[in-house]
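Only one structure is covered here, and it is reproduced in the block below.
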Amino acid sequence: MQSIIHRLGFIAVLITTVTAFDINANPVQHLDNETAAAEQAEKATKAAVDQQVISSQQSSAESEAVITNINQTDHTIDSQGLTEADSHEVNGLLNQLHESAISADWETYFNLYHQDAIFIGTDATERWNMVQFRAYATPTKGWRYDLQARHLLQIGDVIVFDEQLFSPAYGISRGTGALIQTEQGWKIAQYHLSFPIPNDKAKRITSLIMQ
């Protein structure tokens with residue numbers, strides 16, 4: 001009988017010891033789990049930040065490469081059917097047009113247009129006579145479009161032109177128009193500013209316009 005009691009007492013002590021061990025071990029195990037989770041979260045956050053930095057650097061590099069390619073320094077200027085004197089005069093006039101727009105010298109700028117000229121802007125609503133265009137331009141500080149290439153063609157008494165421009169704000173741009181001979185020399189009868197859309201991006205851009 002005493003032997004049985006002793007055995008039962010030993011078993012009770014053993015159960016108590018195991019239970020106490022589990023109770024003391026659980027907080028340690030829980031702490032280890034929290035530490036591991038925290039380390040994993042920290043690693044994930046660092047990886048996300050590193051990826052964001054890499055993406056940002058790649059984006060910046062791509063943007064700089066595009067701007068470098070677009071903003072070329074070699075100018076292509078040609079004329080067909082113009083005399084050398086007319087070619088010199090018209091190129092000087094168009095160059096002065098862009099220079100006076102940069103400095104917001106509106107008196108010089110609008111003196112280069114015929115009084116009945118039309119300016120067509122990049123927005124579909126922008127088809128302005130000179131009174132309307134002057135009212136739009138005068139309050140502004142001007143705009144910058146640097147020449148990259150220009151083509152002149154004379155047909156009878158009219159010179160038509162197209163020129164590729166670079167805008168720091170918009171990138172590649174295009175100006176087209178016509179000049180007529182007056183008593184004061186050649187004057188711009190129409191100027192149309194537009195943004196050429198690459199063919200592979202046309203549907204994406206036009207879908208945005210239709211929204």
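Chain labels follow the order of the structure tokens: the first chain is A, the next B, and so on; residue numbering restarts at 1 in every chain, and ligands are counted from 1 in their shown order.
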
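Taking only C-alpha atoms, the non-local environment of segment 169-175 of chain A within 8 Å (same-chain residues fewer than 3 positions away omitted) comprises Ile67, Ile70, Tyr145, Asp162, Glu163, Gln164, Leu165, Phe166, Tyr191, His192, Leu193, Ser194, Phe195 and Pro196 of chain A.
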
Can you write just those residues out, all heavy atoms, as a compact mmCIF listing (two decimals), in the first residue's frame?
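Dumped everything to again_37.txt:
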```
# COMPACT_ATOMS: atom_id res chain seq x y z
N ILE A 67 15.11 62.35 -72.67
CA ILE A 67 15.31 63.78 -72.83
C ILE A 67 16.58 64.05 -73.63
O ILE A 67 16.62 64.91 -74.49
CB ILE A 67 15.36 64.48 -71.46
CG1 ILE A 67 13.97 64.43 -70.80
CG2 ILE A 67 15.81 65.92 -71.60
CD1 ILE A 67 13.95 64.94 -69.38
N ILE A 70 15.89 63.30 -77.28
CA ILE A 70 14.98 64.24 -77.91
C ILE A 70 15.65 65.59 -78.14
O ILE A 70 15.54 66.19 -79.20
CB ILE A 70 13.73 64.43 -77.03
CG1 ILE A 70 12.86 63.16 -77.07
CG2 ILE A 70 12.89 65.62 -77.51
CD1 ILE A 70 11.68 63.23 -76.14
N TYR A 145 9.92 76.85 -77.09
CA TYR A 145 9.97 75.76 -78.06
C TYR A 145 11.26 75.94 -78.87
O TYR A 145 11.38 76.89 -79.63
CB TYR A 145 8.75 75.77 -78.98
CG TYR A 145 7.48 75.35 -78.29
CD1 TYR A 145 6.67 76.29 -77.64
CD2 TYR A 145 7.09 74.01 -78.26
CE1 TYR A 145 5.51 75.90 -76.98
CE2 TYR A 145 5.93 73.61 -77.60
CZ TYR A 145 5.15 74.56 -76.98
OH TYR A 145 4.00 74.16 -76.32
N ASP A 162 6.99 73.34 -92.07
CA ASP A 162 6.78 72.49 -90.90
C ASP A 162 8.10 72.43 -90.15
O ASP A 162 9.17 72.40 -90.77
CB ASP A 162 6.30 71.09 -91.30
CG ASP A 162 7.30 70.33 -92.15
OD1 ASP A 162 7.26 70.50 -93.38
OD2 ASP A 162 8.13 69.59 -91.57
N GLU A 163 8.01 72.46 -88.85
CA GLU A 163 9.22 72.44 -88.04
C GLU A 163 9.03 71.54 -86.82
O GLU A 163 7.94 71.50 -86.22
CB GLU A 163 9.62 73.85 -87.61
CG GLU A 163 8.52 74.67 -86.96
CD GLU A 163 8.96 76.10 -86.67
OE1 GLU A 163 10.02 76.53 -87.15
OE2 GLU A 163 8.22 76.79 -85.94
N GLN A 164 10.08 70.82 -86.48
CA GLN A 164 10.07 70.01 -85.27
C GLN A 164 10.71 70.82 -84.16
O GLN A 164 11.79 71.40 -84.34
CB GLN A 164 10.82 68.69 -85.47
CG GLN A 164 10.81 67.80 -84.23
CD GLN A 164 11.33 66.41 -84.51
OE1 GLN A 164 10.79 65.70 -85.36
NE2 GLN A 164 12.39 66.01 -83.83
N LEU A 165 10.06 70.83 -83.02
CA LEU A 165 10.49 71.64 -81.90
C LEU A 165 10.67 70.77 -80.66
O LEU A 165 10.14 69.66 -80.59
CB LEU A 165 9.46 72.74 -81.60
CG LEU A 165 9.00 73.59 -82.79
CD1 LEU A 165 7.76 74.39 -82.42
CD2 LEU A 165 10.13 74.51 -83.25
N PHE A 166 11.39 71.30 -79.69
CA PHE A 166 11.49 70.62 -78.40
C PHE A 166 11.04 71.57 -77.30
O PHE A 166 11.56 72.68 -77.17
CB PHE A 166 12.91 70.15 -78.11
CG PHE A 166 13.03 69.55 -76.73
CD1 PHE A 166 12.60 68.26 -76.49
CD2 PHE A 166 13.55 70.29 -75.69
CE1 PHE A 166 12.68 67.71 -75.22
CE2 PHE A 166 13.64 69.74 -74.42
CZ PHE A 166 13.20 68.45 -74.18
N TYR A 191 -0.43 79.54 -88.08
CA TYR A 191 0.54 78.71 -87.34
C TYR A 191 -0.26 77.69 -86.54
O TYR A 191 -1.22 78.03 -85.86
CB TYR A 191 1.40 79.54 -86.38
CG TYR A 191 2.61 78.77 -85.89
CD1 TYR A 191 3.86 78.97 -86.46
CD2 TYR A 191 2.49 77.82 -84.88
CE1 TYR A 191 4.97 78.25 -86.04
CE2 TYR A 191 3.59 77.09 -84.45
CZ TYR A 191 4.82 77.31 -85.02
OH TYR A 191 5.91 76.59 -84.61
N HIS A 192 0.16 76.44 -86.66
CA HIS A 192 -0.53 75.35 -85.97
C HIS A 192 0.49 74.59 -85.12
O HIS A 192 1.44 74.01 -85.65
CB HIS A 192 -1.19 74.41 -86.98
CG HIS A 192 -1.98 73.30 -86.33
ND1 HIS A 192 -2.48 72.24 -87.05
CD2 HIS A 192 -2.33 73.08 -85.04
CE1 HIS A 192 -3.13 71.41 -86.22
NE2 HIS A 192 -3.05 71.91 -85.01
N LEU A 193 0.29 74.60 -83.81
CA LEU A 193 1.16 73.88 -82.89
C LEU A 193 0.51 72.56 -82.49
O LEU A 193 -0.68 72.53 -82.14
CB LEU A 193 1.43 74.72 -81.64
CG LEU A 193 2.33 74.09 -80.58
CD1 LEU A 193 3.75 73.90 -81.11
CD2 LEU A 193 2.34 74.96 -79.32
N SER A 194 1.27 71.47 -82.54
CA SER A 194 0.70 70.16 -82.19
C SER A 194 1.75 69.29 -81.52
O SER A 194 2.95 69.61 -81.53
CB SER A 194 0.16 69.45 -83.45
OG SER A 194 1.21 69.21 -84.37
N PHE A 195 1.28 68.20 -80.93
CA PHE A 195 2.16 67.21 -80.30
C PHE A 195 2.08 65.91 -81.12
O PHE A 195 1.06 65.22 -81.07
CB PHE A 195 1.73 66.93 -78.86
CG PHE A 195 1.74 68.15 -77.98
CD1 PHE A 195 0.74 68.33 -77.03
CD2 PHE A 195 2.73 69.11 -78.08
CE1 PHE A 195 0.74 69.44 -76.21
CE2 PHE A 195 2.73 70.24 -77.27
CZ PHE A 195 1.73 70.40 -76.33
N PRO A 196 3.11 65.55 -81.86
CA PRO A 196 3.07 64.30 -82.64
C PRO A 196 2.95 63.09 -81.71
O PRO A 196 3.64 63.02 -80.69
CB PRO A 196 4.41 64.30 -83.37
CG PRO A 196 4.91 65.70 -83.30
CD PRO A 196 4.37 66.27 -82.05
```

Open item on the list: Taking 4 positions as the minimum chain separation for residues in the same chain, which residues sit within 9 Å of segment 83-98 of chain A when counting only C-alpha atoms? Answer as a VMD selection string.
Closed with: chain A and resid 77 to 79 102 to 103 108 to 110 112 143 to 147 150 152 159 179 185 to 188

Task: Pairwise distance for atom CA of Phe133 of chain A and atom CA of Ile118 of chain A, rounded to one decimal in Å - done: 8.4 Å

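For Arg134 of chain A, the residues within 8 Å (counting only C-alpha atoms, excluding itself and residues fewer than 4 positions away along the chain) are Trp106, Phe110, Met130 and Thr138 of chain A.
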
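Between atom CA of Lys201 of chain A and atom CA of Thr122 of chain A the separation is 17.6 Å.
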
Open item on the list: Based on the backbone DSSP call, show me all residues of segment 124-195 of chain A assigned alpha helix (DSSP H), as a PyMOL selection string.
Closed with: chain A and resi 130-137

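Relative to atom CA of Ala137 of chain A, atom CA of Thr206 of chain A is found at 27.3 Å.
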